[in-house]
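**Student:** Structure below; questions to follow.
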Amino acid sequence: MNESKEMVKLAYSAMEDKKGEDIQVIEIGTISVIADYLIISNGTNASQVQAIVDNVEETLSKHGYEPKRIEGIRNSSWVLMDYGDIIVHVFSEEDRLFYDLERIWKDGKVVTKEELGL
């Protein structure tokens, strides 16, 4: 399995462990050079958003993946975690609706949990 897909699976599971809502994986490697995949989720409050972010970072780190950068940390309603091949977005419910990344990246391929083998 390729490395970026392995990272997606780890991040997806970490989001699920912290009850991340409406986890979406969008494959964008064929339409953009910024990454192979986007993973988008939201929490119900700032504490849950932070718990999801912390768990993703910890899980990926345990497997040797370190973020190139993390933006929006601490008390934020949108945290972006850039791992190079994958970009993780964790939002508050309100900001997720406002920014609507799924619409912006509608030309990407939505990847189901089943297609990831989870």
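Chain labels A, B, ... are given in the sequence in which chains occur in the structure tokens; within each chain residues are numbered consecutively from 1, and ligands are likewise numbered from 1 in the order shown.
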Select from chain A everything DSSP, run on the backbone, classes as alpha helix (DSSP H), then give the selection as number ranges by chain.
**Tutor:** A: 3-17, 46-62, 93-99, 101-104, 113-116
**Student:** Which residues come within 12 Å of Gly72 (chain A), counting only C-alpha atoms, excluding same-chain residues fewer than 3 positions away, as JSON, numbers by chain?
**Tutor:** {"A": [46, 49, 50, 53, 69, 75, 76, 77, 78, 79, 80, 81, 82, 88, 89, 90, 91, 92]}
**Student:** Name all residues at most 7 Å from region 28-40 of chain A (count only C-alpha atoms; drop same-chain ones fewer than 4 positions away) and give them as a PyMOL selection string.
**Tutor:** chain A and resi 4+23-24+84-90+108-109
**Student:** Give me a file of those residues, with N, CA and C atoms, as a JSON list (two decimals), in the first residue's frame.
**Tutor:**
[["chain", "number", "residue", "atom", "x", "y", "z"],
["A", 4, "SER", "N", 0.87, 7.41, 1.37],
["A", 4, "SER", "CA", -0.17, 8.40, 1.64],
["A", 4, "SER", "C", -1.49, 7.72, 2.03],
["A", 23, "ILE", "N", -16.59, 12.23, 8.67],
["A", 23, "ILE", "CA", -15.22, 12.16, 8.14],
["A", 23, "ILE", "C", -15.30, 11.92, 6.63],
["A", 24, "GLN", "N", -14.65, 12.82, 5.89],
["A", 24, "GLN", "CA", -14.62, 12.72, 4.43],
["A", 24, "GLN", "C", -13.17, 12.63, 3.95],
["A", 84, "GLY", "N", 2.23, 16.76, 4.05],
["A", 84, "GLY", "CA", 2.82, 16.61, 2.72],
["A", 84, "GLY", "C", 1.88, 15.89, 1.78],
["A", 85, "ASP", "N", 1.84, 14.56, 1.88],
["A", 85, "ASP", "CA", 0.98, 13.76, 0.99],
["A", 85, "ASP", "C", -0.49, 13.82, 1.38],
["A", 86, "ILE", "N", -0.75, 14.12, 2.64],
["A", 86, "ILE", "CA", -2.14, 14.26, 3.09],
["A", 86, "ILE", "C", -2.26, 15.57, 3.87],
["A", 87, "ILE", "N", -3.45, 16.16, 3.78],
["A", 87, "ILE", "CA", -3.75, 17.36, 4.55],
["A", 87, "ILE", "C", -5.02, 17.06, 5.35],
["A", 88, "VAL", "N", -4.91, 17.24, 6.66],
["A", 88, "VAL", "CA", -6.01, 16.96, 7.58],
["A", 88, "VAL", "C", -6.64, 18.29, 7.99],
["A", 89, "HIS", "N", -7.96, 18.38, 7.85],
["A", 89, "HIS", "CA", -8.71, 19.56, 8.29],
["A", 89, "HIS", "C", -9.69, 19.12, 9.37],
["A", 90, "VAL", "N", -9.63, 19.80, 10.53],
["A", 90, "VAL", "CA", -10.60, 19.54, 11.60],
["A", 90, "VAL", "C", -11.26, 20.88, 11.93],
["A", 108, "GLY", "N", -12.37, 16.35, -6.97],
["A", 108, "GLY", "CA", -11.61, 15.23, -6.42],
["A", 108, "GLY", "C", -12.50, 14.00, -6.29],
["A", 109, "LYS", "N", -11.88, 12.86, -6.02],
["A", 109, "LYS", "CA", -12.63, 11.61, -5.87],
["A", 109, "LYS", "C", -12.86, 11.34, -4.38]]
**Student:** Just want the 8 Å neighbourhood of Met7 (chain A), counted on only C-alpha atoms, with same-chain residues fewer than 4 positions away dropped. Output as a VMD selection string.
**Tutor:** chain A and resid 3 11 60 65 86
**Student:** At what distance in Å, to one decimal, does CA of Asp107 (chain A) lie from CA of Lys18 (chain A)?
**Tutor:** 28.7 Å
